[in-house]
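Engineer: Would you mind keeping the following structure in view while I ask a few things?
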There are 2 protein chains.
Amino acid sequence: MNVAVDAMGGDYAPAAVVEGAVYAAREAGLAITLVGDEKRVLEELKKFPHDNLLITIKPASDVIEMGESPSLALRRKKNSSIKVAMELVKSGEAAAVVSAGNTGAILASSIMILKPLKGIERPTLASFLPTAKSGQMTILVDAGANVDCKAHKLLQFGIMGHAYAQYILDKESPKIGLLSIGEEDNKGNEASREAFQLFNRSGLNFIGNVEAKEVFRGTADVLVCDGFTGNIALKIGESLAEMFISAIKGAFSRNLFSKMAYFFMKTPFQELKAKIDYSEYGGAPLLGINGICIIGHGSSSSKAIKNAIILAARLAEKDLNARISQEITSRLGIQTVPGKKSAFLSWIRPYHQGEKENL
Amino acid sequence: MNVAVDAMGGDYAPAAVVEGAVYAAREAGLAITLVGDEKRVLEELKKFPHDNLLITIKPASDVIEMGESPSLALRRKKNSSIKVAMELVKSGEAAAVVSAGNTGAILASSIMILKPLKGIERPTLASFLPTAKSGQMTILVDAGANVDCKAHKLLQFGIMGHAYAQYILDKESPKIGLLSIGEEDNKGNEASREAFQLFNRSGLNFIGNVEAKEVFRGTADVLVCDGFTGNIALKIGESLAEMFISAIKGAFSRNLFSKMAYFFMKTPFQELKAKIDYSEYGGAPLLGINGICIIGHGSSSSKAIKNAIILAARLAEKDLNARISQEITSRLGIQTVPGKKSAFLSWIRPYHQGEKENL
């Protein structure tokens, strides 16, 4: 099991990425290929004892920066670390790829190089959301890969999220909810109201609309929305959590008494902090791509990278994509006979007439 | 200055509403008309000394419940407290209306009875967001009144938010931002990307896209988005804040030591709590309606109602609507000559061709 890691992706790359890879190789015994500027990667790697680790370097001369336009960058930088890492998965040299780089470039190159799974229109980014229930997580699809989504795309996200939740949350029949602005089926925007009807007939364990105020109560195992809403919801949560942690730190450092108080409160507050710390979850998989691809947070620490690599290996080992393909086929009825036109989505077509189908 | 208050609207109505009205009449010397079930309202009113207060009761026999379908309820319940309160504003008997009832019913009846201001397509709900900067608030438009919004509607929300911010935040040139998923002008969904170009040419102090992670940093004075996204962003924040407060309470009540620690930490944590307590802000005005209308949170406490009434009176006194009309006219160039077709939005028409204009 070899995982290709984009060593140049992320705000603290290559240092944090190489360090994370060393930890993952050490703790999980994984084979890792670090893709990027050979000299700089080797420099970082030398800081750690790594002779017994299964780490190799695959040179890639170009780096796509975080702020670059994905389409332009991919056209100009033919030998980027993101692209070379994807190609390792395509050729079968690696079972999965991890990158904390430019999300748009990762998404675009995964579609170009690895291609979507049969029957999938667009891959979806599946992120974890912490909940108030101890040890319980919610999966958010889409967390930012697709901005404008019609109802049938939301249904596909839900089906992929269902398959992912079965594996990662270990639930046989995960509860699927639509993120919306009211519980009733007539609440929501055009796409979500239409999707409500599609989910109702999907055979999934659909629990209906989930209001934003319910998100952190762990009501749903999988929460479905378009990537614009999902990304904003995710980042609002992230930034508010940061704000609280900094407010708590501020409160405890006010004076001698509050510093004393911290002595007694350290454990519960560190538990709270750990719960909302994204680095615990590592990264978000891009579901629906012909290969396992984990996108790390731009500001990934070495710990986040380590967890992302371990998650990637785990999903590859469990063959998540076979499971997703099976779900899509059985729930949406794709004909896989070669040469025949796909009957994909035929039963939901009346709901999205007028939209160009790109299958 | 008389404010009509829907005594039957809200989870704790009429008790909390009547109590809030008493406080507002007492503290701000306002004249208030409580609209609703005469017997029940009087019963609540009798709990407070009110002989010297300018409080009257206007009977309304019907109550629209929180879960009811707005359109159905408004058709069936001809004498609802929401409707009767709106009519007091329409007839000039009241300068403003406050309700913490069914948001959809308030919105629909305000459009039907008070009508949108000239040049406004749809009113927008303007909510406050707390920021990490001490004493600084951000105004969110739209906070949930309009789910699917084309670019030119977002521009209207921004112009109304601008006028409101000038009054309420006391800033001459409030910073207007578009809530989006990246800073660059090509980031966002279809509507927000188009709106970016419209705002750029609007003459407003447009600061571009604001990422969700920047929301609580007070980057923008006015944050513009569609009501689906806005409502979800608002409620994600609200519920996360609740979760934190309950986690903090839990942490402090663990054992004797943590209870002692709370003794020293009480003040800073109560300050933090106050900052994120919606009841401090009272309610959200519906901007763009021919009359001042404040929508309170469903779970409004008496304090929230009091603050909503005072906000309503303040906006009526300052004649916010004249200011909004002036901004709309000067920035979008409406011809107000009677009989002539409105030239409204003529310069932005190329950006939203194909959409039915309902002016």
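Residues are named by chain letter and number: chains run A, B, ... in the order of the structure tokens, numbers start at 1 in each chain, and ligands are numbered from 1 in the order shown.
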Residues of chain A near chain B: apply a cut-off of 6 Å, count only C-alpha atoms, and supply the list as number ranges by chain.

Structural biologist: A: 147-148, 189, 212-213, 229, 232-233, 235-236, 239, 251, 258, 261, 264, 268

Engineer: Write to file, as a compact mmCIF listing (two decimals), in the first residue's frame, the residues of the selection just made, with C-alpha atoms.

Structural biologist:
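To be explicit, this is the file written out as out38.txt:
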# COMPACT_ATOMS: atom_id res chain seq x y z
CA VAL A 147 -20.80 25.74 -6.03
CA ASP A 148 -24.02 25.60 -8.06
CA ASN A 189 -34.07 26.87 -1.98
CA ALA A 212 -28.51 24.75 10.77
CA LYS A 213 -29.19 24.97 14.49
CA THR A 229 -23.37 26.70 1.43
CA ILE A 232 -19.47 28.71 4.27
CA ALA A 233 -21.11 26.61 7.01
CA LYS A 235 -15.70 27.89 7.76
CA ILE A 236 -18.18 29.86 9.88
CA SER A 239 -13.66 30.58 12.65
CA ALA A 251 -10.15 35.08 29.91
CA SER A 258 -7.62 33.49 36.39
CA ALA A 261 -8.27 28.99 37.76
CA PHE A 264 -8.12 23.43 37.48
CA PRO A 268 -11.81 20.05 30.26

Engineer: Using only C-alpha atoms, determine which residues lie at most 12 Å from Ala220 (chain B), disregarding the query and same-chain residues fewer than 2 positions distant; provide the list as a PDB file with N, CA and C atoms, in the first residue's frame.

Structural biologist:
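Written file, part22.pdb:
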ATOM      1  N   PHE B 128     -27.994  41.248  12.876  1.00  0.00           N
ATOM      2  CA  PHE B 128     -26.670  41.578  13.406  1.00  0.00           C
ATOM      3  C   PHE B 128     -25.841  40.319  13.593  1.00  0.00           C
ATOM      4  N   LEU B 129     -24.548  40.430  13.356  1.00  0.00           N
ATOM      5  CA  LEU B 129     -23.596  39.376  13.701  1.00  0.00           C
ATOM      6  C   LEU B 129     -22.578  39.990  14.661  1.00  0.00           C
ATOM      7  N   PRO B 130     -22.311  39.334  15.779  1.00  0.00           N
ATOM      8  CA  PRO B 130     -21.261  39.861  16.655  1.00  0.00           C
ATOM      9  C   PRO B 130     -19.892  39.661  15.999  1.00  0.00           C
ATOM     10  N   THR B 131     -18.925  40.480  16.340  1.00  0.00           N
ATOM     11  CA  THR B 131     -17.568  40.265  15.818  1.00  0.00           C
ATOM     12  C   THR B 131     -16.584  40.196  16.980  1.00  0.00           C
ATOM     13  N   LYS B 133     -14.106  42.053  17.318  1.00  0.00           N
ATOM     14  CA  LYS B 133     -13.700  43.406  17.687  1.00  0.00           C
ATOM     15  C   LYS B 133     -14.704  43.982  18.677  1.00  0.00           C
ATOM     16  N   GLN B 136     -18.044  46.123  17.970  1.00  0.00           N
ATOM     17  CA  GLN B 136     -18.291  46.219  16.531  1.00  0.00           C
ATOM     18  C   GLN B 136     -19.231  45.111  16.047  1.00  0.00           C
ATOM     19  N   MET B 137     -20.209  45.521  15.249  1.00  0.00           N
ATOM     20  CA  MET B 137     -21.184  44.569  14.729  1.00  0.00           C
ATOM     21  C   MET B 137     -21.107  44.541  13.212  1.00  0.00           C
ATOM     22  N   THR B 138     -21.514  43.421  12.637  1.00  0.00           N
ATOM     23  CA  THR B 138     -21.663  43.340  11.192  1.00  0.00           C
ATOM     24  C   THR B 138     -23.142  43.114  10.897  1.00  0.00           C
ATOM     25  N   ILE B 139     -23.625  43.725   9.819  1.00  0.00           N
ATOM     26  CA  ILE B 139     -25.018  43.520   9.413  1.00  0.00           C
ATOM     27  C   ILE B 139     -25.050  42.489   8.293  1.00  0.00           C
ATOM     28  N   LEU B 140     -25.856  41.464   8.482  1.00  0.00           N
ATOM     29  CA  LEU B 140     -25.987  40.414   7.469  1.00  0.00           C
ATOM     30  C   LEU B 140     -27.287  40.608   6.696  1.00  0.00           C
ATOM     31  N   VAL B 141     -27.171  40.820   5.369  1.00  0.00           N
ATOM     32  CA  VAL B 141     -28.356  40.845   4.495  1.00  0.00           C
ATOM     33  C   VAL B 141     -28.117  39.862   3.351  1.00  0.00           C
ATOM     34  N   GLY B 158     -27.517  44.932  -0.713  1.00  0.00           N
ATOM     35  CA  GLY B 158     -26.327  45.686  -0.321  1.00  0.00           C
ATOM     36  C   GLY B 158     -26.618  47.168  -0.165  1.00  0.00           C
ATOM     37  N   GLY B 161     -28.643  47.585   2.955  1.00  0.00           N
ATOM     38  CA  GLY B 161     -27.755  47.364   4.094  1.00  0.00           C
ATOM     39  C   GLY B 161     -26.854  48.565   4.337  1.00  0.00           C
ATOM     40  N   HIS B 162     -26.408  49.175   3.249  1.00  0.00           N
ATOM     41  CA  HIS B 162     -25.572  50.376   3.318  1.00  0.00           C
ATOM     42  C   HIS B 162     -26.307  51.492   4.061  1.00  0.00           C
ATOM     43  N   ALA B 165     -26.764  50.569   7.726  1.00  0.00           N
ATOM     44  CA  ALA B 165     -25.494  50.640   8.468  1.00  0.00           C
ATOM     45  C   ALA B 165     -25.107  52.089   8.757  1.00  0.00           C
ATOM     46  N   LEU B 169     -24.926  51.810  12.559  1.00  0.00           N
ATOM     47  CA  LEU B 169     -23.521  51.671  12.961  1.00  0.00           C
ATOM     48  C   LEU B 169     -22.840  53.041  12.994  1.00  0.00           C
ATOM     49  N   LYS B 171     -21.756  54.907  10.543  1.00  0.00           N
ATOM     50  CA  LYS B 171     -20.571  54.988   9.681  1.00  0.00           C
ATOM     51  C   LYS B 171     -20.973  55.647   8.373  1.00  0.00           C
ATOM     52  N   SER B 173     -19.419  55.707   5.445  1.00  0.00           N
ATOM     53  CA  SER B 173     -19.215  54.883   4.260  1.00  0.00           C
ATOM     54  C   SER B 173     -18.955  53.431   4.665  1.00  0.00           C
ATOM     55  N   PRO B 174     -20.019  52.740   5.080  1.00  0.00           N
ATOM     56  CA  PRO B 174     -19.838  51.364   5.582  1.00  0.00           C
ATOM     57  C   PRO B 174     -19.213  50.447   4.530  1.00  0.00           C
ATOM     58  N   LYS B 175     -18.367  49.545   4.997  1.00  0.00           N
ATOM     59  CA  LYS B 175     -17.706  48.583   4.100  1.00  0.00           C
ATOM     60  C   LYS B 175     -18.676  47.464   3.739  1.00  0.00           C
ATOM     61  N   ILE B 176     -18.916  47.292   2.442  1.00  0.00           N
ATOM     62  CA  ILE B 176     -19.854  46.268   1.975  1.00  0.00           C
ATOM     63  C   ILE B 176     -19.066  45.093   1.414  1.00  0.00           C
ATOM     64  N   GLY B 177     -19.320  43.901   1.892  1.00  0.00           N
ATOM     65  CA  GLY B 177     -18.652  42.704   1.380  1.00  0.00           C
ATOM     66  C   GLY B 177     -19.650  41.655   0.935  1.00  0.00           C
ATOM     67  N   LEU B 178     -19.219  40.811   0.005  1.00  0.00           N
ATOM     68  CA  LEU B 178     -20.055  39.685  -0.434  1.00  0.00           C
ATOM     69  C   LEU B 178     -19.564  38.430   0.284  1.00  0.00           C
ATOM     70  N   LEU B 179     -20.460  37.753   0.976  1.00  0.00           N
ATOM     71  CA  LEU B 179     -20.070  36.506   1.632  1.00  0.00           C
ATOM     72  C   LEU B 179     -19.786  35.469   0.547  1.00  0.00           C
ATOM     73  N   ASN B 205     -18.930  51.462  -0.967  1.00  0.00           N
ATOM     74  CA  ASN B 205     -17.595  51.134  -0.462  1.00  0.00           C
ATOM     75  C   ASN B 205     -17.457  49.608  -0.447  1.00  0.00           C
ATOM     76  N   PHE B 206     -17.293  49.041  -1.646  1.00  0.00           N
ATOM     77  CA  PHE B 206     -17.295  47.583  -1.809  1.00  0.00           C
ATOM     78  C   PHE B 206     -15.901  47.019  -1.574  1.00  0.00           C
ATOM     79  N   ILE B 207     -15.780  46.121  -0.609  1.00  0.00           N
ATOM     80  CA  ILE B 207     -14.458  45.577  -0.275  1.00  0.00           C
ATOM     81  C   ILE B 207     -14.237  44.197  -0.895  1.00  0.00           C
ATOM     82  N   GLY B 208     -15.170  43.750  -1.746  1.00  0.00           N
ATOM     83  CA  GLY B 208     -14.987  42.471  -2.431  1.00  0.00           C
ATOM     84  C   GLY B 208     -15.571  41.297  -1.664  1.00  0.00           C
ATOM     85  N   ASN B 209     -15.108  40.112  -2.030  1.00  0.00           N
ATOM     86  CA  ASN B 209     -15.584  38.907  -1.354  1.00  0.00           C
ATOM     87  C   ASN B 209     -15.012  38.807   0.049  1.00  0.00           C
ATOM     88  N   VAL B 210     -15.839  38.345   0.967  1.00  0.00           N
ATOM     89  CA  VAL B 210     -15.392  38.092   2.333  1.00  0.00           C
ATOM     90  C   VAL B 210     -15.592  36.607   2.584  1.00  0.00           C
ATOM     91  N   GLU B 211     -14.515  35.918   2.922  1.00  0.00           N
ATOM     92  CA  GLU B 211     -14.624  34.487   3.217  1.00  0.00           C
ATOM     93  C   GLU B 211     -15.282  34.273   4.571  1.00  0.00           C
ATOM     94  N   ALA B 212     -15.934  33.124   4.697  1.00  0.00           N
ATOM     95  CA  ALA B 212     -16.647  32.829   5.939  1.00  0.00           C
ATOM     96  C   ALA B 212     -15.726  32.921   7.155  1.00  0.00           C
ATOM     97  N   GLU B 214     -13.574  35.006   7.744  1.00  0.00           N
ATOM     98  CA  GLU B 214     -13.351  36.414   8.094  1.00  0.00           C
ATOM     99  C   GLU B 214     -14.566  37.055   8.769  1.00  0.00           C
ATOM    100  N   VAL B 215     -15.703  36.336   8.724  1.00  0.00           N
ATOM    101  CA  VAL B 215     -16.976  36.935   9.136  1.00  0.00           C
ATOM    102  C   VAL B 215     -16.913  37.553  10.532  1.00  0.00           C
ATOM    103  N   PHE B 216     -16.372  36.808  11.477  1.00  0.00           N
ATOM    104  CA  PHE B 216     -16.381  37.287  12.856  1.00  0.00           C
ATOM    105  C   PHE B 216     -15.191  38.177  13.188  1.00  0.00           C
ATOM    106  N   ARG B 217     -14.385  38.464  12.175  1.00  0.00           N
ATOM    107  CA  ARG B 217     -13.263  39.382  12.411  1.00  0.00           C
ATOM    108  C   ARG B 217     -13.671  40.823  12.154  1.00  0.00           C
ATOM    109  N   GLY B 218     -14.929  41.017  11.743  1.00  0.00           N
ATOM    110  CA  GLY B 218     -15.423  42.381  11.532  1.00  0.00           C
ATOM    111  C   GLY B 218     -14.833  43.044  10.299  1.00  0.00           C
ATOM    112  N   VAL B 222     -21.219  45.479   6.329  1.00  0.00           N
ATOM    113  CA  VAL B 222     -22.425  44.859   5.758  1.00  0.00           C
ATOM    114  C   VAL B 222     -21.982  43.660   4.930  1.00  0.00           C
ATOM    115  N   LEU B 223     -22.586  42.514   5.213  1.00  0.00           N
ATOM    116  CA  LEU B 223     -22.224  41.281   4.531  1.00  0.00           C
ATOM    117  C   LEU B 223     -23.436  40.836   3.719  1.00  0.00           C
ATOM    118  N   VAL B 224     -23.240  40.666   2.409  1.00  0.00           N
ATOM    119  CA  VAL B 224     -24.367  40.375   1.524  1.00  0.00           C
ATOM    120  C   VAL B 224     -24.330  38.920   1.038  1.00  0.00           C
TER     121      VAL B 224
END

Engineer: Measure the distance from CA of Asn290 (chain A) to CA of Val3 (chain A) in Å and round it to one decimal.

Structural biologist: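 CA of Val3 (chain A) lies at a distance of 14.9 Å from CA of Asn290 (chain A).
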
Engineer: Write out as a PyMOL selection string all residues of region 59-235 of chain B that backbone DSSP assigns to alpha helix (DSSP H).

Structural biologist: chain B and resi 70-76+81-90+103-109+151-168+190-200+227-235

Engineer: Using the selection just defined, write its residues with C-alpha atoms as a tab-separated table (two decimals), in the first residue's frame.

Structural biologist:
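Produced file result-v6.tsv, reproduced below:
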chain	number	residue	atom	x	y	z
B	70	PRO	CA	-47.71	31.48	5.92
B	71	SER	CA	-49.83	31.71	2.77
B	72	LEU	CA	-52.53	29.34	4.02
B	73	ALA	CA	-52.65	30.92	7.47
B	74	LEU	CA	-52.91	34.46	6.11
B	75	ARG	CA	-55.77	33.42	3.85
B	76	ARG	CA	-57.69	31.58	6.56
B	81	SER	CA	-52.47	39.68	15.25
B	82	ILE	CA	-49.66	39.96	12.65
B	83	LYS	CA	-52.03	41.32	10.01
B	84	VAL	CA	-53.85	43.72	12.35
B	85	ALA	CA	-50.51	45.07	13.58
B	86	MET	CA	-49.37	45.65	9.96
B	87	GLU	CA	-52.61	47.48	9.22
B	88	LEU	CA	-51.97	49.88	12.10
B	89	VAL	CA	-48.76	50.90	10.31
B	90	LYS	CA	-50.50	51.10	6.95
B	103	THR	CA	-41.28	34.83	9.95
B	104	GLY	CA	-42.90	33.76	6.69
B	105	ALA	CA	-46.25	35.22	7.72
B	106	ILE	CA	-44.66	38.51	8.82
B	107	LEU	CA	-42.77	38.71	5.54
B	108	ALA	CA	-45.81	37.87	3.39
B	109	SER	CA	-48.18	40.22	5.24
B	151	ALA	CA	-27.22	39.09	-8.67
B	152	HIS	CA	-29.30	42.26	-8.94
B	153	LYS	CA	-31.28	41.29	-5.83
B	154	LEU	CA	-28.00	40.90	-3.94
B	155	LEU	CA	-27.09	44.40	-5.09
B	156	GLN	CA	-30.38	45.76	-3.75
B	157	PHE	CA	-29.75	44.04	-0.41
B	158	GLY	CA	-26.33	45.69	-0.32
B	159	ILE	CA	-27.75	49.15	-1.01
B	160	MET	CA	-30.38	48.73	1.71
B	161	GLY	CA	-27.76	47.36	4.09
B	162	HIS	CA	-25.57	50.38	3.32
B	163	ALA	CA	-28.36	52.82	4.30
B	164	TYR	CA	-29.17	50.83	7.45
B	165	ALA	CA	-25.49	50.64	8.47
B	166	GLN	CA	-25.09	54.39	8.04
B	167	TYR	CA	-27.80	54.88	10.68
B	168	ILE	CA	-27.32	52.01	13.02
B	190	GLU	CA	-23.16	32.15	-10.24
B	191	ALA	CA	-25.19	34.84	-8.47
B	192	SER	CA	-22.40	36.03	-6.18
B	193	ARG	CA	-19.84	36.20	-9.00
B	194	GLU	CA	-22.21	38.32	-11.07
B	195	ALA	CA	-23.06	40.46	-8.05
B	196	PHE	CA	-19.32	41.09	-7.55
B	197	GLN	CA	-19.26	42.98	-10.86
B	198	LEU	CA	-22.43	44.92	-10.03
B	199	PHE	CA	-21.10	45.99	-6.64
B	200	ASN	CA	-17.82	47.04	-8.26
B	227	GLY	CA	-31.18	34.26	2.39
B	228	PHE	CA	-30.57	30.50	2.25
B	229	THR	CA	-26.84	30.92	2.85
B	230	GLY	CA	-27.38	33.81	5.28
B	231	ASN	CA	-29.88	31.96	7.41
B	232	ILE	CA	-27.64	28.89	7.59
B	233	ALA	CA	-24.56	30.98	8.42
B	234	LEU	CA	-26.47	32.82	11.15
B	235	LYS	CA	-27.89	29.69	12.74

Engineer: Mind giving me the straight-line distance from CA of Gly9 (chain A) to CA of Asn52 (chain A) in Å, one decimal?

Structural biologist: 25.1 Å

Engineer: Report the residues of region 142-231 of chain A whose backbone DSSP state falls under strand (DSSP E or B), written as a ChimeraX atom specification.

Structural biologist: /A:176-180,206-211,222-224

Engineer: Can I get the selection written as a CSV table (one decimal), in the first residue's frame, with C-alpha atoms?

Structural biologist:
chain,number,residue,atom,x,y,z
A,176,ILE,CA,-29.0,11.3,5.6
A,177,GLY,CA,-30.3,14.9,6.1
A,178,LEU,CA,-30.5,17.9,3.8
A,179,LEU,CA,-29.1,21.1,5.3
A,180,SER,CA,-31.9,23.6,5.0
A,206,PHE,CA,-33.4,10.0,4.7
A,207,ILE,CA,-34.4,12.0,7.8
A,208,GLY,CA,-35.5,15.1,5.9
A,209,ASN,CA,-34.4,18.7,6.3
A,210,VAL,CA,-31.9,19.5,9.0
A,211,GLU,CA,-31.9,23.1,10.2
A,222,VAL,CA,-24.5,12.7,6.5
A,223,LEU,CA,-25.5,16.3,5.8
A,224,VAL,CA,-26.1,17.2,2.2

Engineer: Do you have the CA of Met66 (chain A)-CA of Cys225 (chain A) distance handy?

Structural biologist: 25.0 Å

Engineer: Pick the closest to Ser110 (chain B) from B:Gly20, B:Gly298, B:Gly282, B:Gly288: which is it, counting only C-alpha atoms?

Structural biologist: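 Closest to Ser110 (chain B), using only C-alpha atoms: B:Gly288.
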
Engineer: Counting only C-alpha atoms, which residue out of A:Ala316, A:Ile305, A:Ala126, A:Val41 sits closest to Ala16 (chain A)?

Structural biologist: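 Looking only at the distances to Ala16 (chain A), the closest residue turns out to be A:Ile305.
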
Engineer: Name all residues at most 8 Å from Ala25 (chain B) (count only C-alpha atoms; drop same-chain ones fewer than 6 positions away) and give them as an MDAnalysis selection string.

Structural biologist: chainID B and resid 31:32 53:55

Engineer: Just the selected residues (C-alpha atoms), exported as a PDB file, in the first residue's frame, please.

Structural biologist:
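So the final result, stored in result_33.pdb, reads:
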ATOM      1  CA  ALA B  31     -46.462  54.560  23.121  1.00  0.00           C
ATOM      2  CA  ILE B  32     -47.174  50.905  22.393  1.00  0.00           C
ATOM      3  CA  LEU B  53     -47.412  53.885  30.624  1.00  0.00           C
ATOM      4  CA  LEU B  54     -48.701  54.645  27.139  1.00  0.00           C
ATOM      5  CA  ILE B  55     -49.849  51.082  26.454  1.00  0.00           C
TER       6      ILE B  55
END

Engineer: Give me, as a list in words, all polymer residues having an atom no more than 7 Å from Lys58 (chain B), counting only C-alpha atoms and skipping those fewer than 5 positions away in the same chain.

Structural biologist: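 In the requested format, the answer is Thr33, Leu34, Val35 and Gly36 of chain B.
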
Engineer: Just N, CA and C atoms for this one: save the residues we selected as a compact mmCIF listing (two decimals), in the first residue's frame.

Structural biologist:
# COMPACT_ATOMS: atom_id res chain seq x y z
N THR B 33 -48.92 49.81 21.13
CA THR B 33 -50.21 49.14 20.97
C THR B 33 -49.97 47.64 20.89
N LEU B 34 -50.47 46.93 21.90
CA LEU B 34 -50.32 45.48 21.91
C LEU B 34 -51.48 44.88 21.12
N VAL B 35 -51.15 44.10 20.09
CA VAL B 35 -52.18 43.55 19.23
C VAL B 35 -52.35 42.06 19.50
N GLY B 36 -53.59 41.64 19.83
CA GLY B 36 -53.81 40.22 20.07
C GLY B 36 -55.07 39.95 20.86
